[in-house]
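Peer 1: Dropping the structure in here first, questions after.
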2 protein chains.
Amino acid sequence: MPQDIYEKVMVLAKRRGFIYPSFEIYGGVAGFYDYGPLGIQLKNNLENLWRHFYLLKDKCIEINTPTVTLFDVLKASGHVDEFTDLTVDCQKCKRSYKVEDIIESDISVEQAIKQDNIKCPSCGKKLTDAHPVNLMFSTTIGIGDGRKAFLRPETAQGIFINFHLLYRYYREKLPFGVIQIGKGYRNEISPRQGTLRQREFSMAEAEVFFDPKDKTHPNYNKIKDKELYLYDNKNEFKLSVEDAISKKTINNQALAYYMYLTQDFLLSAGVDPKKFRFRKHASDELAHYAMECWDAELYSERFGWVECVGIADRSAYDLSSHIKSTNTDMYAQRKYDEPRIEKIKKIVPKMNILGPLYKDKAGVVKKLLEDINIEETKKVTIELDGKSVDIPDDCYKIVESKEKTTGEKFVPHVIEPSYGIDRILYFLLEHNYSEGKKKDEDYRILKLNSKMAPIKTGIFPLINDKKLVDIAQKIDQNLRDAEIFTYYDDSGTIGRRYARMDEVGTPFCITVDHDTLNNDTVTIRSRDTTKQERIKITDIVSYLMKYI
Amino acid sequence: MPQDIYEKVMVLAKRRGFIYPSFEIYGGVAGFYDYGPLGIQLKNNLENLWRHFYLLKDKCIEINTPTVTLFDVLKASGHVDEFTDLTVDCQKCKRSYKVEDIIESDISVEQAIKQDNIKCPSCGKKLTDAHPVNLMFSTTIGIGDGRKAFLRPETAQGIFINFHLLYRYYREKLPFGVIQIGKGYRNEISPRQGTLRQREFSMAEAEVFFDPKDKTHPNYNKIKDKELYLYDNKNEFKLSVEDAISKKTINNQALAYYMYLTQDFLLSAGVDPKKFRFRKHASDELAHYAMECWDAELYSERFGWVECVGIADRSAYDLSSHIKSTNTDMYAQRKYDEPRIEKIKKIVPKMNILGPLYKDKAGVVKKLLEDINIEETKKVTIELDGKSVDIPDDCYKIVESKEKTTGEKFVPHVIEPSYGIDRILYFLLEHNYSEGKKKDEDYRILKLNSKMAPIKTGIFPLINDKKLVDIAQKIDQNLRDAEIFTYYDDSGTIGRRYARMDEVGTPFCITVDHDTLNNDTVTIRSRDTTKQERIKITDIVSYLMKYI
């Protein structure tokens with residue numbers, strides 16, 4: 001059976017040190033992969049490019065928060081209740097499956113369960129009782145009962161729960177964006193799809209905070225005429241950013257801006273433009289926190305279209321949840337052009353009545369009463385010990401006063417571009433893989449672009465002569481001092497050495513030969529043109545810097 | 001009470017966005033910290049400098065493996081049994097303590113327990129029954145019983161279990177080094193010491209594999225005359241690398257080489273040389289895997305000398321353990337100069353006798369018999385179903401033959417420099433913090449060196465005039481395009497803006513003023529000299545590049 005593209009890429013990836021299955025000598029575990037020496041270099045390059053787009057171009061700020069996350073945080077964010085997969089367990093063979101993985105592709109999960117025709121792929125028994133299973137890895141902080149915690153399913157929550165500090169860092173101006181790059185975890189029921197469905201993965205997320213009344217972006221004018229590659233679940237089409245907004249294909253500038261930034265990033269990294277598109281989520285597939293969501297999808301010859309980036313309008317969902325759970329002031333302020341004198345209605349609790357009535361709870365009741373916005377509601381009802389309690393009229397008075405206000409507070413909205421780094425990395429390999437024959441031998445080339453290539457240049461002495469070797473090693477050290485990753489190779493024919501470098505995507509190869517001894521020049525060979533040029537040793541760094 | 005240095009540094013760190021306590025709005029949890037915008041930038045700079053030392057200078061290769069680690073791996077490595085703290089639980093108030101934290105500093109744990117005088121710091125009850133508690137966070141992969149796993153206590157094991165693949169990547173030559181940067185976890189009983197004792201931390205580790213008969217390093221000659229700052233638990237003294245080896249203060253070249261590399265790295269990063277030393281582990285404090293270990297210690301005015309890097313000779317401990325547990329070929333080969341003809345004695349199992357005797361186990365027995373090295377042992381005993389079984393003489397014959405061998409195999413030794421990134425980062429803040437008064441106001445300066453500084457330059461228009469603002473913003477964008485981190489600031493007096501930048505360690509500030517409009521020059525002010533120079537706008541990038 002001929003190998004398909006995924007197998008070919010993964011065989012190369014393992015043989016040459018891009019990706020290894022984890023824990024292989026202990027039998028391996030589905031959903032875990034290691035990056036080998038070339039893989040991590042590619043990943044570092046990809047993440048640095050991403051930082052360039054988000055930190056330097058878009059002027060976001062970066063933070064870094066723990067992967068171990070308190071139960072309370074993920075309860076508030078909805079993940080304890082909603083981050084689940086519908087699962088069936090086989091009573092006979094004791095295996096568990098994610099329902100989505102085992103139903104026919106043309107019916108919905110609901111239909112399959114209704115029709116009662118889900119069968120165990122392993123033993124054939126009919127499966128029933130589909131139930132949601134939470135997908136977070138759980139653990140405990142401290143010993144004994146300790147404190148319940150999870151490995152984070154996304155980096156986003158670490159940003160949200162620091163919003164008030166970050167807003168202060170940004171001198172209380174909106175919009176501003178905060179990024180985080182790090183590990184995310186999803187304890188898949190039974191992961192298939194190889195490196196595309198990992199239980200521990202690398203994410204790069206940006207949470208950009210906007211005034212909900214002003215979802216414009218300061219750089220919008222620079223990109224409004226650019227074309228987006230869109231797919232509406234029926235047709236693929238191209239539309240300028242501006243047209244997509246005016247036709248309401250995309251809801252707002254902020255969302256459209258980050259879609260374009262994403263497209264620009266992916267194409268700069270070396271994704272094939274013909275295998276790229278944005279697909280809009282149907283309303284029934286939106287995550288529990290999302291108002292609108294677009295996926296950047298990449299096309300695989302094995303897996304079809306695969307989501308690699310999700311760009312969601314999370315609205316005020318997360319900040320509101322954390323405000324509700326902790327009562328922290330995580331509001332932003334919309335400043336008026338001029339201070340206004342406003343009539344304010346406020347509840348003023350009467351402690352002489354509250355005191356005897358609520359005893360040791362009186363302080364809490366007072367605080368809760370003061371928090372009620374009586375402008376917006378007529379109800380004087382509080383949540384006490386998990387119960388809704390109506391407060392009698394004589395416990396408070398409503399006072400009207402005039403106050404000078406300089407602005408009004410609100411909960412910011414969030415636009416979130418969330419990138420699956422490992423998936424993008426796999427697609428860089430698949431989209432740039434090509435193969436053929438050279439002198440009857442299999443020949444593989446990875447056409448990674450120069451910015452992404454793990455090794456920037458090979459360095460070869462033509463023969464193993466001490467004079468040539470010394471010069472080659474000196475060039476090697478000079479390039480490394482200039483932060484350029486090299487691969488020194490003195491074994492085999494030059495053709496064989498070129499082939500080794502082509503296979504791992506190295507864009508250039510430098511050969512030190514006998515002419516070098518006479519005129520201080522070397523040949524530099526390009527992977528893509530296979531042409532050689534002679535250049536001076538002193539020009540090598542600047543030559544390479546043009547490309548990387 | 002005046003704040004001590006730790007409090008001062010941490011107040012600044014939180015106020016300006018270096019370090020935040022994690023989950024603060026949910027009450028916080030000891031041992032978890034976030035990096036804010038400036039903290040993560042400093043951390044990225046520190047890790048990139050570390051990569052420069054290990055990847056580019058020392059030519060190690062990098063890999064990246066999961067934080068979630070199979071039980072079997074950590075059982076084999078000894079962590080399931082040995083990665084523990086001696087702990088006491090108070091029967092009265094139900095609190096738990098690490099024994100080391102609560103005994104008098106001048107007696108040993110053993111003494112304290114013997115003398116039965118450990119008291120609960122909270123309620124005063126006498127504590128007994130000290131017992132070891134494992135410090136790994138545990139979790140489960142998959143649902144139901146799943147597979148038991150831990151969050152890794154070190155990144156090293158991910159490297160060891162891939163040794164055979166990495167040895168092949170390195171074309172089967174020793175020595176070679178493999179690095180990993182990432183999260184490590186230690187579920188402390190009751191962490192104190194703030195950011196110096198975190199439950200989730202960032203590590204940078206190198207595992208360098210050597211032939212045990214040849215612990216020399218190719219770059220040794222370049223550094224043998226350099227001085228090391230040493231401490232033998234009695235005296236501090238300086239010694240050249242070469243002398244330290246000849247006097248047997250340090251056991252071998254490899255260990256001494258990585259000690260010097262560590263010293264060079266820490267001083268380059270901006271650690272105070274007067275607050276730095278290497279301390280040798282006494283034999284009773286060595287980790288379960290270590291043969292010899294030196295700690296790079298940094299001095300804190302609050303905490304005293306603190307271990308920040310451990311440089312251990314792990315010998316063949318880890319690879320041998322994994323070979324034993326998995327039977328994987330993780331040997332290296334020492335090639336003979338010329339092939340040798342050697343007499344080889346081998347066990348040849350007789351299947352006609354083994355078959356009836358061991359039935360379905362016969363295949364296993366055959367394999368185990370063949371694995372016995374009869375040159376080294378006379379015992380023909382195998383481990384079967386956990387029991388030691390003697391194999392009768394008639395089940396095999398011993399055959400002598402002559403074979404051509406090109407080398408002999410062995411288990412490589414490992415030298416491991418292991419860096420606690422968060423601790424080093426804290427010390428960069430403490431060692432570079434200074435304060436005083438300026439015009440009767442408190443004035444703080446962080447003298448981070450230019451390579452480490454999170455922001456490389458402030459950019460200020462002198463006044464809020466559109467012409468000046470436009471130029472300043474353009475300079476800002478140009479520097480960002482050149483990957484230089486800037487901070488644009490147009491509010492407050494210039495003095496106030498300098499002060500803001502000094503406090504976070506920014507080495508330069510650029511001001512656009514009215515002269516800029518006439519001659520395309522700006523002032524550039526140095527944090528450390530407070531002197532200003534006028535330079536051309538077109539020279540800014542090259543000016544800054546000299547320092548960063």
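Ordering of the structure tokens sets the chain letters (A, B, ...); residue numbers start at 1 within each chain; ligands are numbered from 1 in the order shown.
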Please return as a PyMOL selection string: the residues of stretch 304-492 of chain A that backbone DSSP assigns to strand (DSSP E or B).

Peer 2: chain A and resi 304-315+332-349+381-384+387-390+396-410+413-420+433-438+441-446+457-461+486-488

Peer 1: Considering only C-alpha atoms, return as an MDAnalysis selection string whatever protein or nucleic-acid residues lie within 10 Å of A:Glu100, sequence-local ones (same chain, fewer than 5 positions apart) excluded.

Peer 2: chainID A and resid 85:87 105 107:109 112

Peer 1: Got a sec: who's within 6 Å of stretch 440-445 of chain B, counting only C-alpha atoms, leaving out chain neighbours fewer than 3 positions off, as a ChimeraX atom specification?

Peer 2: /B:434-437,502-503

Peer 1: Tell me, as a PyMOL selection string, which residues lie within 9 Å of A:Asp489, counting only C-alpha atoms; anything in the same chain fewer than 6 positions away does not count.

Peer 2: chain A and resi 458-461+497

Peer 1: How would the residues just picked look written out with N, CA, C and O atoms as a CSV table (one decimal), in the first residue's frame?

Peer 2:
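Now in again-v2.csv:
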chain,number,residue,atom,x,y,z
A,458,GLY,N,23.8,24.9,5.4
A,458,GLY,CA,24.8,23.9,5.6
A,458,GLY,C,26.1,24.4,5.4
A,458,GLY,O,26.3,25.4,4.6
A,459,ILE,N,27.2,23.9,6.0
A,459,ILE,CA,28.5,24.3,5.8
A,459,ILE,C,29.4,23.1,5.5
A,459,ILE,O,29.5,22.3,6.4
A,460,PHE,N,30.0,23.1,4.3
A,460,PHE,CA,30.7,21.8,3.9
A,460,PHE,C,32.1,22.2,3.5
A,460,PHE,O,32.3,23.0,2.6
A,461,PRO,N,33.2,21.5,4.0
A,461,PRO,CA,34.5,21.5,3.4
A,461,PRO,C,34.4,20.5,2.2
A,461,PRO,O,33.8,19.4,2.4
A,497,ARG,N,25.3,15.5,0.6
A,497,ARG,CA,25.1,16.5,1.7
A,497,ARG,C,24.0,17.5,1.3
A,497,ARG,O,23.2,17.9,2.2

Peer 1: Can you tell me, as a list of chain:residue names, what residues are no more than 12 Å from B:Met10 when counting only C-alpha atoms, ignoring any on the same chain fewer than 3 positions away?

Peer 2: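 These residues fall inside the cut-off: B:Gln3, B:Asp4, B:Ile5, B:Tyr6, B:Glu7, B:Ala13, B:Lys14, B:Arg15, B:Arg16, B:Gly17, B:Phe18, B:Ile19, B:Tyr20, B:Pro21, B:Tyr33, B:Tyr35, B:Gly39, B:Gly194, B:Thr195, B:Leu196, B:Tyr426, B:Phe427, B:Leu429, B:Glu430, B:Tyr433.
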
Peer 1: Export, as a PDB file, in the first residue's frame, the selected residues with N, CA and C atoms.

Peer 2:
ATOM      1  N   GLN B   3      10.434  48.213  54.724  1.00  0.00           N
ATOM      2  CA  GLN B   3      10.383  47.033  53.862  1.00  0.00           C
ATOM      3  C   GLN B   3      11.791  46.495  53.651  1.00  0.00           C
ATOM      4  N   ASP B   4      11.934  45.178  53.578  1.00  0.00           N
ATOM      5  CA  ASP B   4      13.238  44.639  53.209  1.00  0.00           C
ATOM      6  C   ASP B   4      13.318  44.558  51.689  1.00  0.00           C
ATOM      7  N   ILE B   5      14.489  44.162  51.189  1.00  0.00           N
ATOM      8  CA  ILE B   5      14.722  44.214  49.743  1.00  0.00           C
ATOM      9  C   ILE B   5      13.714  43.365  48.959  1.00  0.00           C
ATOM     10  N   TYR B   6      13.363  42.187  49.496  1.00  0.00           N
ATOM     11  CA  TYR B   6      12.417  41.329  48.788  1.00  0.00           C
ATOM     12  C   TYR B   6      11.068  42.026  48.621  1.00  0.00           C
ATOM     13  N   GLU B   7      10.619  42.636  49.716  1.00  0.00           N
ATOM     14  CA  GLU B   7       9.327  43.332  49.642  1.00  0.00           C
ATOM     15  C   GLU B   7       9.384  44.498  48.652  1.00  0.00           C
ATOM     16  N   ALA B  13       7.726  44.975  41.319  1.00  0.00           N
ATOM     17  CA  ALA B  13       7.434  43.954  40.305  1.00  0.00           C
ATOM     18  C   ALA B  13       5.940  43.879  40.026  1.00  0.00           C
ATOM     19  N   LYS B  14       5.136  44.009  41.063  1.00  0.00           N
ATOM     20  CA  LYS B  14       3.693  43.928  40.837  1.00  0.00           C
ATOM     21  C   LYS B  14       3.157  45.231  40.244  1.00  0.00           C
ATOM     22  N   ARG B  15       3.608  46.345  40.788  1.00  0.00           N
ATOM     23  CA  ARG B  15       3.083  47.642  40.348  1.00  0.00           C
ATOM     24  C   ARG B  15       3.406  47.908  38.883  1.00  0.00           C
ATOM     25  N   ARG B  16       4.603  47.504  38.443  1.00  0.00           N
ATOM     26  CA  ARG B  16       5.024  47.834  37.092  1.00  0.00           C
ATOM     27  C   ARG B  16       4.835  46.689  36.090  1.00  0.00           C
ATOM     28  N   GLY B  17       4.320  45.557  36.546  1.00  0.00           N
ATOM     29  CA  GLY B  17       4.001  44.505  35.568  1.00  0.00           C
ATOM     30  C   GLY B  17       5.114  43.505  35.310  1.00  0.00           C
ATOM     31  N   PHE B  18       5.949  43.205  36.317  1.00  0.00           N
ATOM     32  CA  PHE B  18       6.915  42.110  36.163  1.00  0.00           C
ATOM     33  C   PHE B  18       6.305  40.786  36.656  1.00  0.00           C
ATOM     34  N   ILE B  19       5.847  40.796  37.904  1.00  0.00           N
ATOM     35  CA  ILE B  19       5.373  39.553  38.517  1.00  0.00           C
ATOM     36  C   ILE B  19       4.091  39.827  39.307  1.00  0.00           C
ATOM     37  N   TYR B  20       3.072  38.978  39.084  1.00  0.00           N
ATOM     38  CA  TYR B  20       1.853  39.061  39.881  1.00  0.00           C
ATOM     39  C   TYR B  20       1.650  37.728  40.617  1.00  0.00           C
ATOM     40  N   PRO B  21       1.134  37.750  41.831  1.00  0.00           N
ATOM     41  CA  PRO B  21       0.719  36.476  42.436  1.00  0.00           C
ATOM     42  C   PRO B  21      -0.449  35.921  41.608  1.00  0.00           C
ATOM     43  N   TYR B  33       2.939  32.011  40.458  1.00  0.00           N
ATOM     44  CA  TYR B  33       3.138  33.410  40.070  1.00  0.00           C
ATOM     45  C   TYR B  33       2.924  33.584  38.569  1.00  0.00           C
ATOM     46  N   TYR B  35       3.856  36.016  35.158  1.00  0.00           N
ATOM     47  CA  TYR B  35       4.712  37.066  34.634  1.00  0.00           C
ATOM     48  C   TYR B  35       3.853  38.082  33.911  1.00  0.00           C
ATOM     49  N   GLY B  39       7.794  41.274  32.900  1.00  0.00           N
ATOM     50  CA  GLY B  39       8.410  40.054  33.425  1.00  0.00           C
ATOM     51  C   GLY B  39       8.635  39.016  32.341  1.00  0.00           C
ATOM     52  N   GLY B 194       8.263  32.878  48.850  1.00  0.00           N
ATOM     53  CA  GLY B 194       7.734  33.608  47.692  1.00  0.00           C
ATOM     54  C   GLY B 194       8.126  33.023  46.352  1.00  0.00           C
ATOM     55  N   THR B 195       8.608  33.891  45.476  1.00  0.00           N
ATOM     56  CA  THR B 195       8.885  33.464  44.105  1.00  0.00           C
ATOM     57  C   THR B 195      10.055  32.482  44.015  1.00  0.00           C
ATOM     58  N   LEU B 196      10.793  32.301  45.118  1.00  0.00           N
ATOM     59  CA  LEU B 196      11.935  31.384  45.056  1.00  0.00           C
ATOM     60  C   LEU B 196      11.514  29.928  45.226  1.00  0.00           C
ATOM     61  N   TYR B 426      14.444  36.486  39.428  1.00  0.00           N
ATOM     62  CA  TYR B 426      14.263  37.266  40.651  1.00  0.00           C
ATOM     63  C   TYR B 426      15.574  37.948  41.056  1.00  0.00           C
ATOM     64  N   PHE B 427      16.684  37.197  40.964  1.00  0.00           N
ATOM     65  CA  PHE B 427      17.969  37.765  41.377  1.00  0.00           C
ATOM     66  C   PHE B 427      18.429  38.900  40.460  1.00  0.00           C
ATOM     67  N   LEU B 429      16.476  41.064  39.327  1.00  0.00           N
ATOM     68  CA  LEU B 429      15.776  42.219  39.892  1.00  0.00           C
ATOM     69  C   LEU B 429      16.450  42.672  41.191  1.00  0.00           C
ATOM     70  N   GLU B 430      16.694  41.727  42.108  1.00  0.00           N
ATOM     71  CA  GLU B 430      17.264  42.128  43.411  1.00  0.00           C
ATOM     72  C   GLU B 430      18.668  42.720  43.250  1.00  0.00           C
ATOM     73  N   TYR B 433      18.573  46.284  41.664  1.00  0.00           N
ATOM     74  CA  TYR B 433      17.664  47.283  42.227  1.00  0.00           C
ATOM     75  C   TYR B 433      18.451  48.330  43.007  1.00  0.00           C
TER      76      TYR B 433
END

Peer 1: Find the residue from A:Gly28, A:Gly36, A:Gly386, A:Gly78 that sits nearest to chain B; use only C-alpha atoms when measuring.

Peer 2: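 That would be A:Gly36, the residue with the smallest distance to chain B.
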
Peer 1: Extract, using only C-alpha atoms, all DNA, RNA and protein residues at most 10 Å from B:Ser283, discarding same-chain residues fewer than 4 positions from it, and format them as a list in words.

Peer 2: Ala287, Ala290, Met291, Glu292 and Cys293 of chain B

Peer 1: Could the residues in this selection be saved with N, CA and C atoms as a CSV table (one decimal), in the first residue's frame?

Peer 2:
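Output saved as result-v7.csv:
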chain,number,residue,atom,x,y,z
B,287,ALA,N,21.3,14.3,45.3
B,287,ALA,CA,20.0,13.7,44.8
B,287,ALA,C,20.3,12.3,44.5
B,290,ALA,N,22.7,11.5,41.6
B,290,ALA,CA,23.9,12.3,41.3
B,290,ALA,C,25.1,11.7,42.0
B,291,MET,N,26.3,11.8,41.3
B,291,MET,CA,27.5,11.3,41.7
B,291,MET,C,28.3,12.4,42.3
B,292,GLU,N,28.2,13.6,41.7
B,292,GLU,CA,28.9,14.8,42.2
B,292,GLU,C,28.0,16.0,41.8
B,293,CYS,N,27.9,17.0,42.6
B,293,CYS,CA,27.0,18.1,42.2
B,293,CYS,C,27.5,19.4,42.8

Peer 1: Report, in Å with one decimal, the straight-line distance from atom CA of A:Gly27 to atom CA of B:Arg152.

Peer 2: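 Between atom CA of A:Gly27 and atom CA of B:Arg152 the gap is 18.1 Å.
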
Peer 1: For chain A, which residue out of B:Lys226, B:Arg534, B:Arg279, B:Lys324 is the nearest one, using only C-alpha atoms?

Peer 2: B:Lys324

Peer 1: What gap, in Å, lies between atom CA of B:Lys125 and atom CA of B:Phe137?

Peer 2: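 Atom CA of B:Lys125 sits 29.0 Å away from atom CA of B:Phe137.
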
Peer 1: In Å to one decimal, how far is atom CA of B:His413 from atom CA of B:Leu266?

Peer 2: 25.4 Å

Peer 1: Within stretch 219-467 of chain A, find each residue whose DSSP state, derived from the backbone, is alpha helix (DSSP H), and express the selection as JSON, numbers by chain.

Peer 2: {"A": [220, 221, 222, 223, 241, 242, 243, 244, 245, 246, 253, 254, 255, 256, 257, 258, 259, 260, 261, 262, 263, 264, 265, 266, 267, 268, 269, 317, 318, 319, 320, 321, 322, 323, 324, 325, 326, 351, 352, 353, 354, 355, 356, 357, 358, 362, 363, 364, 365, 366, 367, 368, 369, 370, 371, 421, 422, 423, 424, 425, 426, 427, 428, 429, 430, 431, 466, 467]}

Peer 1: Using only C-alpha atoms, can you tell me which of A:Val414, A:Ile424, A:Ala453, A:Leu42 comes closest to chain B?

Peer 2: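 Closest residue, counting only C-alpha atoms: A:Leu42.
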